[in-house]
Amino acid sequence: LSLSLSLPSAHSGINTPLSWFRLFSEMSSLLLLSLLVPLAFAAPVPNVTDEVLSKEEREWRLNAIQKLWNERHTMNHTPLVRVEVNGTPMVEYFIKNETASASGTLKHRFVWALILWAVTEGKIKANTSVFDSTSGNTGASEAYMCRLIGVNYTAVVADNLEEEKVKQITQFGGKIMKVPVQLRNYMAEKEAEKTGGFFINQFGNANGAEEFHESGDYMMESTNVFHEIVEDLRTKYNLSYPEYFIHSAGTGGTISSVGKYITRYNLPTKVVLADSQFSLFYDYVLSNKYSNLSTGDVGRPNWTAPGVAGIGYGYNPDPIIFKNSTSLLRTVIDEVARMPDMASIAAMRSLRSLGIDAGASTALNFLVALFKGIELNPQSEKIRMVIIMGDPGKFYQSTYLNDDWVENGSPKDLGGLKTLKCWQKKIDDAINFGINFITTNPTSCDI
């Protein structure tokens, strides 16, 4: 590129300040152009767009999400069953039977949401191996959903986990790693780090994964369990909202998602947390206790076996920290209630007399509902309470429903069979005659 410029002469008639200013401007422009033109020819033009995901990654994610939505359509609504309790004729009890799900427990819908969240956010990809700490039910559902989308899954479980629950996990293709119960979370995280996998952490991530929005009749229906409860009460029983929703907390995800749903849509239902005897959740929800205390710290009580399988807080040595060690959101819970562990075990047997073969957490939920019904004792208008049947009694044939285990296993320190039978008599009387099983001579069963 050649540049030429003629300077004004003294005889040109343009030897003025303005002409010299114009000359300076032209020279500056030409100089800048001489510098930029070579750069323009040498510099490559960048792509206007670039793909963030490869074609294969994008196709895998689309297929995985479609498989999950197909599963949601298959899930449909689990049954909502009315239970007749003669002792409280003005209270209607409904049980949402989540054992009818494909993986057999309440955790099926929760894990569906958890896996969908992880795939959507790119935490699970085609070659990701998933790890989690579990008491069994979440593990079975995680194994099911991971197999559905084609990724490997390992459940890190307590070394004394019921064999029935181990089989439930392995039948869906899950692998088992047994460790001391207090090390479950730690080992799940470490194994994921060591292998380049993903620790899905149901306790910390349930809050972000659980659905709490209304979907109406949109084809991609909300998985929120209270959405289904409201729909089924309306369409199958011609009833409005229940006065109480009563549920226990393991991860805290289910009861918190229900609480957020009820709060968001300003519904006239109270949310009650049902907690086990030695769990820390009761005081955490009530007054935010134990959010800065680890196991062994002064002021934090020790966990006492047997507990209620899959719920409560105590085995985890860490403080109770929202979005970290729990997804239980205190601010959407209206009431808290606590029941003796032996009463919950006894209630499993009492429920069988009503035709309900349920696990210990369901029995705990029912106990709190029964107590509330007797305590409120409505006279003029019926009230409704809804609980969830989280897992079946068959998972506990070797433990809670086994007399030898109750007498000689961990429940022996709470009174064994003698205490269990005492509680069962009290609960049966409450079911049949409306007698308050807690306030009537409460020390007779050595609580």
# chains A, B, ... in the order shown; residues from 1 in each chain; ligands from 1
$ residues_around --residues "Val368 (chain A)" --least-positions-apart "5" --cutoff "8 Å" --atoms "only C-alpha atoms" --output "PyMOL selection string"
chain A and resi 246+274+337-339
$ residues_around --residues "Met342 (chain A)" --least-positions-apart "3" --cutoff "12 Å" --atoms "only C-alpha atoms" --output "ChimeraX atom specification"
/A:276-278,305-308,339,345-349,360,363-364,367,400-401,406-407,410-424,426-427,445-447
$ atom_distance --atom1 "CA of Asp275 (chain A)" --atom2 "CA of Ser248 (chain A)"
5.7 Å
$ atom_distance --atom1 "CA of Thr120 (chain A)" --atom2 "CA of Lys96 (chain A)"
28.6 Å
$ atom_distance --atom1 "CA of Ser361 (chain A)" --atom2 "CA of Gly296 (chain A)"
26.8 Å
$ residues_around --residues "region 150-158 of chain A" --least-positions-apart "4" --cutoff "6 Å" --atoms "only C-alpha atoms" --output "VMD selection string"
chain A and resid 129 to 134 139 143 146 174 to 181 184 188
$ residues_around --residues "Ile229 (chain A)" --least-positions-apart "5" --cutoff "12 Å" --atoms "only C-alpha atoms" --output "MDAnalysis selection string"
chainID A and resid 77:82 94:98 222:224 234:237 239:242 244:245 258 261:262 269 384:388
$ write_last_selection --atoms "C-alpha atoms" --output "compact mmCIF listing (two decimals), in the first residue's frame"
# COMPACT_ATOMS: atom_id res chain seq x y z
CA HIS A 77 -50.68 -40.51 40.78
CA THR A 78 -50.03 -42.92 43.64
CA PRO A 79 -53.20 -43.98 45.53
CA LEU A 80 -54.76 -41.71 48.16
CA VAL A 81 -56.65 -43.95 50.59
CA ARG A 82 -59.06 -43.01 53.38
CA PHE A 94 -55.88 -40.11 54.34
CA ILE A 95 -52.73 -42.02 53.45
CA LYS A 96 -50.85 -41.27 50.24
CA ASN A 97 -49.45 -44.70 49.34
CA GLU A 98 -46.04 -44.05 47.79
CA SER A 222 -45.59 -31.32 38.78
CA THR A 223 -44.18 -34.14 40.91
CA ASN A 224 -44.94 -32.29 44.14
CA ARG A 234 -60.94 -32.86 44.73
CA THR A 235 -61.54 -35.37 41.94
CA LYS A 236 -61.94 -38.64 43.87
CA TYR A 237 -63.50 -37.51 47.14
CA LEU A 239 -63.16 -32.58 49.15
CA SER A 240 -61.13 -29.41 49.57
CA TYR A 241 -57.73 -28.86 51.19
CA PRO A 242 -56.83 -30.88 54.29
CA TYR A 244 -53.10 -30.88 58.30
CA PHE A 245 -50.24 -32.46 56.37
CA VAL A 258 -44.88 -29.39 50.54
CA TYR A 261 -46.00 -25.26 47.89
CA ILE A 262 -48.58 -24.52 50.62
CA THR A 269 -53.15 -26.38 55.48
CA ARG A 384 -58.88 -33.92 57.37
CA MET A 385 -55.31 -35.05 57.89
CA VAL A 386 -52.99 -36.48 55.25
CA ILE A 387 -49.89 -38.57 55.85
CA ILE A 388 -47.54 -40.39 53.49
$ closest_residue --among "A:Gly390, A:Gly312, A:Gly253, A:Gly197" --to "Ser279 (chain A)" --atoms "only C-alpha atoms"
A:Gly312
$ select_by_dssp --residues "region 149-331 of chain A" --states "alpha helix (DSSP H)" --output "PyMOL selection string"
chain A and resi 149+163-170+184-195+202-209+225-237+253-264+281-287
$ closest_residue --among "A:Trp112, A:Val83, A:Asn324, A:Glu121" --to "Phe366 (chain A)" --atoms "only C-alpha atoms"
A:Val83
$ select_by_dssp --residues "region 211-401 of chain A" --states "strand (DSSP E or B)" --output "list of chain:residue names"
A:Tyr244, A:Phe245, A:Ile246, A:His247, A:Lys270, A:Val271, A:Val272, A:Leu273, A:Ala274, A:Asp275, A:Ser276, A:Phe322, A:Thr326, A:Glu335, A:Val336, A:Ala337, A:Arg338, A:Met339, A:Ala358, A:Ile383, A:Arg384, A:Met385, A:Val386, A:Ile387, A:Ile388, A:Met389, A:Pro392
$ closest_residue --among "A:Ala102, A:Gly250, A:Asp428, A:Tyr284" --to "Ser353 (chain A)" --atoms "only C-alpha atoms"
A:Asp428
